[in-house]
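Undergrad: Got a structure for you, run.pdb, holding PDB, C-alpha atoms and all ligand atoms.
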```pdb
ATOM      1  CA  MET A   1       0.000   0.000   0.000  1.00  0.00           C
ATOM      2  CA  ALA A   2       1.420   3.350  -0.978  1.00  0.00           C
ATOM      3  CA  ARG A   3      -0.302   5.440   1.674  1.00  0.00           C
ATOM      4  CA  GLU A   4      -1.253   4.136   5.078  1.00  0.00           C
ATOM      5  CA  LEU A   5      -2.659   5.816   8.200  1.00  0.00           C
ATOM      6  CA  ILE A   6      -0.301   4.955  11.049  1.00  0.00           C
ATOM      7  CA  LYS A   7      -1.299   7.245  13.890  1.00  0.00           C
ATOM      8  CA  GLU A   8      -4.091   9.575  14.999  1.00  0.00           C
ATOM      9  CA  THR A   9      -3.340  11.919  17.853  1.00  0.00           C
ATOM     10  CA  ALA A  10      -3.650  15.553  18.989  1.00  0.00           C
ATOM     11  CA  LEU A  11      -1.020  18.100  19.922  1.00  0.00           C
ATOM     12  CA  GLU A  12      -1.461  21.266  21.945  1.00  0.00           C
ATOM     13  CA  LEU A  13      -0.163  24.278  20.050  1.00  0.00           C
ATOM     14  CA  ALA A  14      -0.189  27.463  22.128  1.00  0.00           C
ATOM     15  CA  GLY A  15      -3.333  26.367  23.979  1.00  0.00           C
ATOM     16  CA  THR A  16      -5.173  25.020  20.932  1.00  0.00           C
ATOM     17  CA  TRP A  17      -5.536  21.285  20.439  1.00  0.00           C
ATOM     18  CA  VAL A  18      -4.840  20.276  16.876  1.00  0.00           C
ATOM     19  CA  ALA A  19      -5.770  16.840  15.539  1.00  0.00           C
ATOM     20  CA  VAL A  20      -2.816  15.172  13.801  1.00  0.00           C
ATOM     21  CA  ARG A  21      -3.030  12.237  11.410  1.00  0.00           C
ATOM     22  CA  LEU A  22       0.241  10.582  10.419  1.00  0.00           C
ATOM     23  CA  PHE A  23       0.431   8.712   7.126  1.00  0.00           C
ATOM     24  CA  ARG A  24       3.251   6.551   5.816  1.00  0.00           C
ATOM     25  CA  ASN A  25       3.806   6.846   2.098  1.00  0.00           C
ATOM     26  CA  ASN A  26       6.618   4.834   0.554  1.00  0.00           C
ATOM     27  CA  ARG A  27       6.655   7.151  -2.431  1.00  0.00           C
ATOM     28  CA  ALA A  28       7.142  10.308  -0.350  1.00  0.00           C
ATOM     29  CA  ARG A  29      10.642  11.793  -0.507  1.00  0.00           C
ATOM     30  CA  ARG A  30      10.400  13.988   2.573  1.00  0.00           C
ATOM     31  CA  VAL A  31       8.115  14.755   5.534  1.00  0.00           C
ATOM     32  CA  ILE A  32       5.107  16.699   4.229  1.00  0.00           C
ATOM     33  CA  LEU A  33       2.722  18.754   6.338  1.00  0.00           C
ATOM     34  CA  ARG A  34      -0.661  19.990   5.183  1.00  0.00           C
ATOM     35  CA  LEU A  35      -4.012  20.984   6.629  1.00  0.00           C
ATOM     36  CA  ASP A  36      -6.580  18.210   7.032  1.00  0.00           C
ATOM     37  CA  GLU A  37      -9.446  19.394   4.846  1.00  0.00           C
ATOM     38  CA  GLY A  38     -11.694  16.624   6.114  1.00  0.00           C
ATOM     39  CA  ALA A  39     -11.288  17.368   9.797  1.00  0.00           C
ATOM     40  CA  ASP A  40     -14.467  18.351  11.567  1.00  0.00           C
ATOM     41  CA  GLY A  41     -14.335  21.957  12.696  1.00  0.00           C
ATOM     42  CA  GLY A  42     -11.142  22.487  10.736  1.00  0.00           C
ATOM     43  CA  THR A  43      -8.625  21.925  13.499  1.00  0.00           C
ATOM     44  CA  GLY A  44      -6.459  19.231  11.974  1.00  0.00           C
ATOM     45  CA  VAL A  45      -3.273  18.549  10.024  1.00  0.00           C
ATOM     46  CA  ILE A  46      -1.972  15.615   8.031  1.00  0.00           C
ATOM     47  CA  VAL A  47       1.696  14.611   8.120  1.00  0.00           C
ATOM     48  CA  THR A  48       3.019  12.284   5.440  1.00  0.00           C
ATOM     49  CA  LEU A  49       6.196  10.366   6.281  1.00  0.00           C
ATOM     50  CA  PRO A  50       8.579   8.711   3.848  1.00  0.00           C
ATOM     51  CA  ASN A  51       9.777   5.224   4.821  1.00  0.00           C
ATOM     52  CA  ARG A  52      12.889   6.386   6.602  1.00  0.00           C
ATOM     53  CA  ALA A  53      11.238   9.085   8.780  1.00  0.00           C
ATOM     54  CA  SER A  54      10.008   8.304  12.300  1.00  0.00           C
ATOM     55  CA  GLN A  55       6.665   9.338  13.810  1.00  0.00           C
ATOM     56  CA  LYS A  56       8.657  11.503  16.190  1.00  0.00           C
ATOM     57  CA  GLU A  57      10.089  13.485  13.271  1.00  0.00           C
ATOM     58  CA  GLY A  58       6.582  14.013  11.947  1.00  0.00           C
ATOM     59  CA  LEU A  59       5.273  15.307  15.266  1.00  0.00           C
ATOM     60  CA  ALA A  60       8.359  17.509  15.676  1.00  0.00           C
ATOM     61  CA  LEU A  61       7.548  19.148  12.341  1.00  0.00           C
ATOM     62  CA  VAL A  62       4.017  19.937  13.587  1.00  0.00           C
ATOM     63  CA  LEU A  63       5.431  21.645  16.691  1.00  0.00           C
ATOM     64  CA  ASP A  64       8.003  23.458  14.583  1.00  0.00           C
ATOM     65  CA  LYS A  65       5.315  24.837  12.250  1.00  0.00           C
ATOM     66  CA  ALA A  66       2.867  25.677  15.060  1.00  0.00           C
ATOM     67  CA  ASP A  67       2.532  29.363  14.150  1.00  0.00           C
ATOM     68  CA  TRP A  68       1.831  28.633  10.510  1.00  0.00           C
ATOM     69  CA  ILE A  69      -0.704  25.915  11.394  1.00  0.00           C
ATOM     70  CA  LEU A  70      -2.584  28.107  13.868  1.00  0.00           C
ATOM     71  CA  ASN A  71      -2.728  30.962  11.365  1.00  0.00           C
ATOM     72  CA  GLN A  72      -4.024  28.719   8.619  1.00  0.00           C
ATOM     73  CA  LEU A  73      -6.651  27.117  10.841  1.00  0.00           C
ATOM     74  CA  ASP A  74      -7.799  30.493  12.090  1.00  0.00           C
ATOM     75  CA  GLU A  75      -8.277  31.780   8.563  1.00  0.00           C
ATOM     76  CA  ARG A  76     -10.115  28.655   7.516  1.00  0.00           C
ATOM     77  CA  LEU A  77     -12.706  28.843  10.276  1.00  0.00           C
ATOM     78  CA  PRO A  78     -15.300  31.259   8.966  1.00  0.00           C
ATOM     79  CA  ARG A  79     -16.886  33.583  11.509  1.00  0.00           C
ATOM     80  CA  VAL A  80     -20.588  32.946  11.939  1.00  0.00           C
ATOM     81  CA  PRO A  81     -22.323  36.141  13.016  1.00  0.00           C
ATOM     82  CA  PHE A  82     -25.630  36.057  14.847  1.00  0.00           C
ATOM     83  CA  ALA A  83     -27.747  37.082  11.862  1.00  0.00           C
ATOM     84  CA  ASP A  84     -30.922  36.104  10.053  1.00  0.00           C
ATOM     85  CA  GLY A  85     -30.375  32.832   8.156  1.00  0.00           C
ATOM     86  CA  GLU A  86     -27.142  31.812   9.902  1.00  0.00           C
ATOM     87  CA  THR A  87     -26.823  28.362  11.464  1.00  0.00           C
ATOM     88  CA  VAL A  88     -25.604  28.029  15.049  1.00  0.00           C
ATOM     89  CA  PRO A  89     -25.365  25.033  17.377  1.00  0.00           C
ATOM     90  CA  PHE A  90     -27.440  24.683  20.539  1.00  0.00           C
ATOM     91  CA  PHE A  91     -26.647  21.624  22.670  1.00  0.00           C
ATOM     92  CA  GLY A  92     -24.753  20.198  19.722  1.00  0.00           C
ATOM     93  CA  VAL A  93     -27.674  20.499  17.284  1.00  0.00           C
ATOM     94  CA  ASP A  94     -27.768  23.017  14.431  1.00  0.00           C
ATOM     95  CA  TYR A  95     -30.458  25.703  14.486  1.00  0.00           C
ATOM     96  CA  ARG A  96     -31.155  28.418  11.972  1.00  0.00           C
ATOM     97  CA  ILE A  97     -31.608  31.949  13.261  1.00  0.00           C
ATOM     98  CA  ARG A  98     -34.729  33.576  11.863  1.00  0.00           C
ATOM     99  CA  SER A  99     -35.702  37.167  12.408  1.00  0.00           C
ATOM    100  CA  ILE A 100     -39.468  37.572  12.650  1.00  0.00           C
ATOM    101  CA  ALA A 101     -41.310  40.827  12.298  1.00  0.00           C
ATOM    102  CA  GLY A 102     -43.267  42.373  15.115  1.00  0.00           C
ATOM    103  CA  GLY A 103     -43.764  41.056  18.563  1.00  0.00           C
ATOM    104  CA  ARG A 104     -41.620  42.071  21.441  1.00  0.00           C
ATOM    105  CA  GLY A 105     -37.993  41.083  21.849  1.00  0.00           C
ATOM    106  CA  VAL A 106     -38.661  37.448  22.460  1.00  0.00           C
ATOM    107  CA  VAL A 107     -36.347  34.642  21.415  1.00  0.00           C
ATOM    108  CA  ARG A 108     -37.614  31.092  21.225  1.00  0.00           C
ATOM    109  CA  CYS A 109     -36.663  27.722  19.795  1.00  0.00           C
ATOM    110  CA  GLU A 110     -39.161  26.196  17.402  1.00  0.00           C
ATOM    111  CA  GLY A 111     -38.386  23.107  15.336  1.00  0.00           C
ATOM    112  CA  ALA A 112     -34.946  23.639  13.862  1.00  0.00           C
ATOM    113  CA  GLU A 113     -35.078  27.413  14.212  1.00  0.00           C
ATOM    114  CA  ILE A 114     -34.246  30.059  16.765  1.00  0.00           C
ATOM    115  CA  LEU A 115     -36.904  32.706  16.221  1.00  0.00           C
ATOM    116  CA  VAL A 116     -35.964  36.245  17.150  1.00  0.00           C
ATOM    117  CA  ALA A 117     -38.747  38.825  17.359  1.00  0.00           C
ATOM    118  CA  GLY A 118     -38.276  42.561  17.424  1.00  0.00           C
ATOM    119  CA  ARG A 119     -36.144  45.004  15.525  1.00  0.00           C
ATOM    120  CA  PRO A 120     -33.375  43.444  13.418  1.00  0.00           C
ATOM    121  CA  GLU A 121     -30.731  45.821  14.812  1.00  0.00           C
ATOM    122  CA  HIS A 122     -31.202  44.228  18.232  1.00  0.00           C
ATOM    123  CA  LEU A 123     -30.922  40.655  16.963  1.00  0.00           C
ATOM    124  CA  VAL A 124     -27.245  40.142  17.809  1.00  0.00           C
ATOM    125  CA  ARG A 125     -27.655  41.225  21.412  1.00  0.00           C
ATOM    126  CA  ARG A 126     -30.906  39.285  21.833  1.00  0.00           C
ATOM    127  CA  VAL A 127     -29.463  36.020  20.547  1.00  0.00           C
ATOM    128  CA  LYS A 128     -26.402  36.431  22.753  1.00  0.00           C
ATOM    129  CA  ASP A 129     -28.533  37.228  25.810  1.00  0.00           C
ATOM    130  CA  TRP A 130     -30.697  34.212  25.016  1.00  0.00           C
ATOM    131  CA  PHE A 131     -27.673  31.904  24.837  1.00  0.00           C
ATOM    132  CA  LYS A 132     -26.400  33.298  28.149  1.00  0.00           C
ATOM    133  CA  LEU A 133     -29.788  32.703  29.748  1.00  0.00           C
ATOM    134  CA  GLN A 134     -29.906  29.124  28.418  1.00  0.00           C
ATOM    135  CA  ALA A 135     -26.400  28.593  29.784  1.00  0.00           C
ATOM    136  CA  ARG A 136     -27.402  29.831  33.218  1.00  0.00           C
ATOM    137  CA  GLU A 137     -30.606  27.752  33.240  1.00  0.00           C
ATOM    138  CA  GLN A 138     -28.653  24.640  32.305  1.00  0.00           C
ATOM    139  CA  ILE A 139     -25.629  25.217  34.484  1.00  0.00           C
ATOM    140  CA  ALA A 140     -27.080  26.526  37.777  1.00  0.00           C
ATOM    141  CA  PRO A 141     -29.244  23.482  38.657  1.00  0.00           C
ATOM    142  CA  ARG A 142     -26.436  21.120  37.672  1.00  0.00           C
ATOM    143  CA  VAL A 143     -24.056  22.987  39.979  1.00  0.00           C
ATOM    144  CA  ARG A 144     -26.574  22.695  42.826  1.00  0.00           C
ATOM    145  CA  ASP A 145     -27.190  18.962  42.300  1.00  0.00           C
ATOM    146  CA  LYS A 146     -23.546  18.048  41.878  1.00  0.00           C
ATOM    147  CA  ALA A 147     -22.403  20.193  44.816  1.00  0.00           C
ATOM    148  CA  GLN A 148     -25.052  18.537  46.964  1.00  0.00           C
ATOM    149  CA  ALA A 149     -23.769  15.115  45.913  1.00  0.00           C
ATOM    150  CA  LEU A 150     -20.329  16.198  47.184  1.00  0.00           C
ATOM    151  CA  ASP A 151     -21.834  17.796  50.293  1.00  0.00           C
ATOM    152  CA  ARG A 152     -20.344  21.169  49.344  1.00  0.00           C
ATOM    153  CA  ARG A 153     -21.887  24.632  49.047  1.00  0.00           C
ATOM    154  CA  PRO A 154     -21.139  26.496  45.830  1.00  0.00           C
ATOM    155  CA  GLY A 155     -20.653  30.270  45.918  1.00  0.00           C
ATOM    156  CA  ARG A 156     -21.780  32.642  43.198  1.00  0.00           C
ATOM    157  CA  ILE A 157     -22.229  31.369  39.646  1.00  0.00           C
ATOM    158  CA  THR A 158     -21.092  33.723  36.896  1.00  0.00           C
ATOM    159  CA  ILE A 159     -21.732  33.219  33.184  1.00  0.00           C
ATOM    160  CA  ARG A 160     -19.287  35.055  30.929  1.00  0.00           C
ATOM    161  CA  ASP A 161     -17.527  34.899  27.570  1.00  0.00           C
ATOM    162  CA  THR A 162     -14.122  33.489  28.393  1.00  0.00           C
ATOM    163  CA  LYS A 163     -11.728  32.688  25.604  1.00  0.00           C
ATOM    164  CA  SER A 164      -9.062  30.792  27.513  1.00  0.00           C
ATOM    165  CA  ARG A 165     -11.085  28.477  29.741  1.00  0.00           C
ATOM    166  CA  TRP A 166     -14.510  26.868  29.871  1.00  0.00           C
ATOM    167  CA  GLY A 167     -14.955  27.229  33.583  1.00  0.00           C
ATOM    168  CA  SER A 168     -13.176  28.140  36.768  1.00  0.00           C
ATOM    169  CA  CYS A 169     -13.534  27.739  40.509  1.00  0.00           C
ATOM    170  CA  SER A 170     -12.115  30.306  42.925  1.00  0.00           C
ATOM    171  CA  HIS A 171     -10.701  29.572  46.367  1.00  0.00           C
ATOM    172  CA  ASP A 172     -13.887  30.868  47.985  1.00  0.00           C
ATOM    173  CA  GLY A 173     -16.068  28.554  45.881  1.00  0.00           C
ATOM    174  CA  ASN A 174     -17.329  30.999  43.267  1.00  0.00           C
ATOM    175  CA  LEU A 175     -17.810  29.328  39.900  1.00  0.00           C
ATOM    176  CA  SER A 176     -17.597  30.860  36.472  1.00  0.00           C
ATOM    177  CA  PHE A 177     -18.565  29.346  33.118  1.00  0.00           C
ATOM    178  CA  CYS A 178     -18.360  30.334  29.470  1.00  0.00           C
ATOM    179  CA  TRP A 179     -21.854  30.700  27.971  1.00  0.00           C
ATOM    180  CA  ARG A 180     -20.654  29.054  24.753  1.00  0.00           C
ATOM    181  CA  LEU A 181     -20.767  25.695  26.529  1.00  0.00           C
ATOM    182  CA  VAL A 182     -24.479  25.636  25.807  1.00  0.00           C
ATOM    183  CA  MET A 183     -23.573  25.262  22.123  1.00  0.00           C
ATOM    184  CA  ALA A 184     -21.694  22.031  22.872  1.00  0.00           C
ATOM    185  CA  PRO A 185     -23.394  18.646  23.322  1.00  0.00           C
ATOM    186  CA  GLU A 186     -25.074  18.294  26.720  1.00  0.00           C
ATOM    187  CA  ALA A 187     -22.529  15.715  27.968  1.00  0.00           C
ATOM    188  CA  VAL A 188     -19.750  18.259  27.394  1.00  0.00           C
ATOM    189  CA  LEU A 189     -21.473  21.023  29.381  1.00  0.00           C
ATOM    190  CA  ASP A 190     -22.216  18.490  32.117  1.00  0.00           C
ATOM    191  CA  TYR A 191     -18.559  17.486  32.261  1.00  0.00           C
ATOM    192  CA  VAL A 192     -17.352  21.087  32.640  1.00  0.00           C
ATOM    193  CA  VAL A 193     -19.855  21.662  35.457  1.00  0.00           C
ATOM    194  CA  ALA A 194     -18.691  18.431  37.142  1.00  0.00           C
ATOM    195  CA  HIS A 195     -15.072  19.516  36.732  1.00  0.00           C
ATOM    196  CA  GLU A 196     -15.586  22.897  38.408  1.00  0.00           C
ATOM    197  CA  VAL A 197     -17.834  21.508  41.142  1.00  0.00           C
ATOM    198  CA  ALA A 198     -15.241  18.821  41.929  1.00  0.00           C
ATOM    199  CA  HIS A 199     -12.842  21.712  42.621  1.00  0.00           C
ATOM    200  CA  LEU A 200     -15.097  22.620  45.560  1.00  0.00           C
ATOM    201  CA  ALA A 201     -13.741  19.438  47.139  1.00  0.00           C
ATOM    202  CA  GLU A 202     -10.250  19.354  45.603  1.00  0.00           C
ATOM    203  CA  LEU A 203      -8.517  22.493  44.356  1.00  0.00           C
ATOM    204  CA  ASN A 204      -6.044  20.495  42.262  1.00  0.00           C
ATOM    205  CA  HIS A 205      -6.085  17.981  39.421  1.00  0.00           C
ATOM    206  CA  GLY A 206      -4.938  14.975  41.469  1.00  0.00           C
ATOM    207  CA  PRO A 207      -6.384  11.434  41.460  1.00  0.00           C
ATOM    208  CA  LYS A 208      -8.982  12.309  44.118  1.00  0.00           C
ATOM    209  CA  PHE A 209     -10.183  15.222  42.011  1.00  0.00           C
ATOM    210  CA  TRP A 210     -10.628  13.023  38.924  1.00  0.00           C
ATOM    211  CA  HIS A 211     -12.393  10.435  41.044  1.00  0.00           C
ATOM    212  CA  TRP A 212     -15.019  13.037  41.990  1.00  0.00           C
ATOM    213  CA  VAL A 213     -15.379  14.250  38.388  1.00  0.00           C
ATOM    214  CA  GLY A 214     -16.026  10.650  37.342  1.00  0.00           C
ATOM    215  CA  GLU A 215     -18.697  10.329  40.018  1.00  0.00           C
ATOM    216  CA  LEU A 216     -20.430  13.537  38.910  1.00  0.00           C
ATOM    217  CA  THR A 217     -20.677  13.079  35.141  1.00  0.00           C
ATOM    218  CA  ALA A 218     -21.101  10.248  32.646  1.00  0.00           C
ATOM    219  CA  ASP A 219     -18.359  10.579  30.029  1.00  0.00           C
ATOM    220  CA  VAL A 220     -15.207  12.404  31.131  1.00  0.00           C
ATOM    221  CA  ALA A 221     -12.931  11.098  28.376  1.00  0.00           C
ATOM    222  CA  GLY A 222     -15.457  11.720  25.608  1.00  0.00           C
ATOM    223  CA  ALA A 223     -16.187  15.257  26.785  1.00  0.00           C
ATOM    224  CA  LYS A 224     -12.500  16.134  27.096  1.00  0.00           C
ATOM    225  CA  LYS A 225     -11.846  14.826  23.625  1.00  0.00           C
ATOM    226  CA  TRP A 226     -14.780  16.779  22.199  1.00  0.00           C
ATOM    227  CA  LEU A 227     -13.495  20.005  23.741  1.00  0.00           C
ATOM    228  CA  ARG A 228      -9.995  19.360  22.458  1.00  0.00           C
ATOM    229  CA  LEU A 229     -11.178  18.844  18.906  1.00  0.00           C
ATOM    230  CA  ASN A 230     -14.167  21.197  18.689  1.00  0.00           C
ATOM    231  CA  GLY A 231     -13.947  23.635  21.568  1.00  0.00           C
ATOM    232  CA  GLU A 232     -12.001  26.296  19.701  1.00  0.00           C
ATOM    233  CA  ALA A 233     -14.600  26.393  16.927  1.00  0.00           C
ATOM    234  CA  LEU A 234     -17.299  27.536  19.382  1.00  0.00           C
ATOM    235  CA  HIS A 235     -15.566  30.896  19.585  1.00  0.00           C
ATOM    236  CA  ARG A 236     -16.383  31.765  15.986  1.00  0.00           C
ATOM    237  CA  TYR A 237     -20.085  32.342  16.674  1.00  0.00           C
ATOM    238  CA  GLY A 238     -21.686  35.684  17.381  1.00  0.00           C
TER     239      GLY A 238
HETATM  240 ZN    ZN B 301      -9.630  22.260  36.846  1.00  0.00          ZN
END
```
Would you put the structure from the file into structure tokens?
TA:
Amino acid sequence: MARELIKETALELAGTWVAVRLFRNNRARRVILRLDEGADGGTGVIVTLPNRASQKEGLALVLDKADWILNQLDERLPRVPFADGETVPFFGVDYRIRSIAGGRGVVRCEGAEILVAGRPEHLVRRVKDWFKLQAREQIAPRVRDKAQALDRRPGRITIRDTKSRWGSCSHDGNLSFCWRLVMAPEAVLDYVVAHEVAHLAELNHGPKFWHWVGELTADVAGAKKWLRLNGEALHRYG
């Protein structure tokens, strides 16, 4: 076989996880790096290795070209504004934003659409406020339930637009979450809540901490992987 997939992995480049697929190609003359056009969400690269090159050399090239890769991936991910006709995810399912005439500034989900009433110039803010509200309504009760399971009292819950992290837990038990989590599949949001609530018991990432996370949510590994591969793409909406 001329071209064979030999490894699928992910590397962290300046805080962004990039999916890497390594191929062996006995006709290749040198190590070749290119963007993975098929990767979901556009955060992947393909490395082709000639017979004599090791996997390590391939991965080293990815790290070496980190700046170029991040630039390329950034340019490839189109921004999706909150606007009439655009498609945005809600709990991992695509919905189309539709501006409807009249009515007061109400936003509601109906079928596969997010209907936004009121003046079009307020649509962006309304959709964003709606997402933040959904985030709070989904996150707050989960925090309460999970904290109760750990016999801990959570402090204040803040919903914000954080670029660098999905959630955080302060020393005095205040929790903060990125509203964009409500665009991810439910299991992913649930994991992030479990992660931050587990910090109410353990302010580190030791074995005891991960034990509690595992007790509080269903699929830790799957959620972490989803965030690694797709998390960055949630920042292109709005
Ligand atoms: Zn943590």
Undergrad: Could you state the separation of CA of Leu59 (chain A) and CA of Leu73 (chain A) in Å, given to one decimal place?
TA: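 Result for CA of Leu59 (chain A) versus CA of Leu73 (chain A): 17.4 Å, one decimal.
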Undergrad: From the list A:Glu196, A:Glu215, A:Glu4, A:Asp74, which residue is nearest ligand ZN 301 (chain B) when using all atoms listed in the file?
TA: A:Glu196
Undergrad: List all protein, DNA and RNA residues that have any atom at most 7 Å from ligand ZN 301 (chain B), counting all atoms listed in the file, and write the list as a list in words.
TA: Ser168, His195, Glu196, His199, Asn204 and His205 of chain A
Undergrad: May I have the residues within 10 Å of Val188 (chain A) as a count of residues only, using all atoms listed in the file and disregarding those fewer than 6 positions away in the same chain?
TA: 17
Undergrad: So that I can see what lies close to region 148-164 of chain A, please list as a PyMOL selection string the residues with an atom at most 12 Å from it, counting all atoms listed in the file and leaving out residues fewer than 3 positions away in the same chain.
TA: chain A and resi 14-16+128-129+131-145+167-182+193-194+196-202+209+211-213+215-217+231-238
Undergrad: Show me, as a PyMOL selection string, the residues that have an atom within 10 Å of Ala53 (chain A) when counting only C-alpha atoms, minus same-chain residues fewer than 6 positions from it.
TA: chain A and resi 24+29-31
Undergrad: Between CA of Asp84 (chain A) and CA of Asn230 (chain A), what is the distance, to one decimal in Å?
TA: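 So the two atoms, CA of Asp84 (chain A) and CA of Asn230 (chain A), lie 24.0 Å apart.
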Undergrad: One decimal, Å: what's the distance from CA of Ile100 (chain A) over to CA of Gly85 (chain A), could you say?
TA: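 Spanning CA of Ile100 (chain A) to CA of Gly85 (chain A) is a straight-line distance of 11.2 Å.
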Undergrad: From the set A:Arg126, A:Arg119, A:Arg27, A:Arg52, which residue has the shortest atom-to-atom contact distance to Val107 (chain A), counting only C-alpha atoms?
TA: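 Once distances to Val107 (chain A) are computed over only C-alpha atoms, the minimum belongs to A:Arg126.
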Undergrad: Could you check the closest approach to Arg228 (chain A) for each of A:Glu8, A:Arg3, A:Ala19, A:Ile114 and tell me which residue wins, using only C-alpha atoms?
TA: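 When distances to Arg228 (chain A) are compared using only C-alpha atoms, the smallest one comes from A:Ala19.
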Undergrad: Generate the coordinates of N, CA and C atoms for region 95-112 of chain A; report them as a PDB file, in the coordinates of the input.
TA:
```pdb
ATOM      1  N   TYR A  95     -29.211  24.946  14.605  1.00  0.00           N
ATOM      2  CA  TYR A  95     -30.458  25.703  14.486  1.00  0.00           C
ATOM      3  C   TYR A  95     -30.221  26.887  13.575  1.00  0.00           C
ATOM      4  N   ARG A  96     -31.270  27.257  12.844  1.00  0.00           N
ATOM      5  CA  ARG A  96     -31.155  28.418  11.972  1.00  0.00           C
ATOM      6  C   ARG A  96     -31.789  29.618  12.672  1.00  0.00           C
ATOM      7  N   ILE A  97     -31.077  30.728  12.659  1.00  0.00           N
ATOM      8  CA  ILE A  97     -31.608  31.949  13.261  1.00  0.00           C
ATOM      9  C   ILE A  97     -32.576  32.596  12.277  1.00  0.00           C
ATOM     10  N   ARG A  98     -33.776  32.890  12.754  1.00  0.00           N
ATOM     11  CA  ARG A  98     -34.729  33.576  11.863  1.00  0.00           C
ATOM     12  C   ARG A  98     -35.304  34.800  12.564  1.00  0.00           C
ATOM     13  N   SER A  99     -35.171  35.912  11.898  1.00  0.00           N
ATOM     14  CA  SER A  99     -35.702  37.167  12.408  1.00  0.00           C
ATOM     15  C   SER A  99     -37.166  37.244  12.015  1.00  0.00           C
ATOM     16  N   ILE A 100     -38.051  37.455  13.000  1.00  0.00           N
ATOM     17  CA  ILE A 100     -39.468  37.572  12.650  1.00  0.00           C
ATOM     18  C   ILE A 100     -39.971  38.955  13.010  1.00  0.00           C
ATOM     19  N   ALA A 101     -40.821  39.459  12.131  1.00  0.00           N
ATOM     20  CA  ALA A 101     -41.310  40.827  12.298  1.00  0.00           C
ATOM     21  C   ALA A 101     -42.245  40.918  13.491  1.00  0.00           C
ATOM     22  N   GLY A 102     -42.296  42.086  14.060  1.00  0.00           N
ATOM     23  CA  GLY A 102     -43.267  42.373  15.115  1.00  0.00           C
ATOM     24  C   GLY A 102     -42.971  41.643  16.402  1.00  0.00           C
ATOM     25  N   GLY A 103     -43.927  41.689  17.264  1.00  0.00           N
ATOM     26  CA  GLY A 103     -43.764  41.056  18.563  1.00  0.00           C
ATOM     27  C   GLY A 103     -42.756  41.813  19.390  1.00  0.00           C
ATOM     28  N   ARG A 104     -42.643  41.425  20.629  1.00  0.00           N
ATOM     29  CA  ARG A 104     -41.620  42.071  21.441  1.00  0.00           C
ATOM     30  C   ARG A 104     -40.340  41.264  21.339  1.00  0.00           C
ATOM     31  N   GLY A 105     -39.307  41.704  22.013  1.00  0.00           N
ATOM     32  CA  GLY A 105     -37.993  41.083  21.849  1.00  0.00           C
ATOM     33  C   GLY A 105     -37.879  39.705  22.441  1.00  0.00           C
ATOM     34  N   VAL A 106     -38.669  38.788  21.911  1.00  0.00           N
ATOM     35  CA  VAL A 106     -38.661  37.448  22.460  1.00  0.00           C
ATOM     36  C   VAL A 106     -37.838  36.529  21.559  1.00  0.00           C
ATOM     37  N   VAL A 107     -37.084  35.652  22.175  1.00  0.00           N
ATOM     38  CA  VAL A 107     -36.347  34.642  21.415  1.00  0.00           C
ATOM     39  C   VAL A 107     -36.890  33.288  21.836  1.00  0.00           C
ATOM     40  N   ARG A 108     -37.181  32.446  20.861  1.00  0.00           N
ATOM     41  CA  ARG A 108     -37.614  31.092  21.225  1.00  0.00           C
ATOM     42  C   ARG A 108     -37.180  30.073  20.182  1.00  0.00           C
ATOM     43  N   CYS A 109     -37.019  28.843  20.653  1.00  0.00           N
ATOM     44  CA  CYS A 109     -36.663  27.722  19.795  1.00  0.00           C
ATOM     45  C   CYS A 109     -37.925  27.085  19.269  1.00  0.00           C
ATOM     46  N   GLU A 110     -37.996  26.871  17.953  1.00  0.00           N
ATOM     47  CA  GLU A 110     -39.161  26.196  17.402  1.00  0.00           C
ATOM     48  C   GLU A 110     -38.686  25.332  16.248  1.00  0.00           C
ATOM     49  N   GLY A 111     -38.893  24.016  16.364  1.00  0.00           N
ATOM     50  CA  GLY A 111     -38.386  23.107  15.336  1.00  0.00           C
ATOM     51  C   GLY A 111     -36.888  23.251  15.246  1.00  0.00           C
ATOM     52  N   ALA A 112     -36.387  23.507  14.043  1.00  0.00           N
ATOM     53  CA  ALA A 112     -34.946  23.639  13.862  1.00  0.00           C
ATOM     54  C   ALA A 112     -34.535  25.099  13.775  1.00  0.00           C
TER      55      ALA A 112
END
```
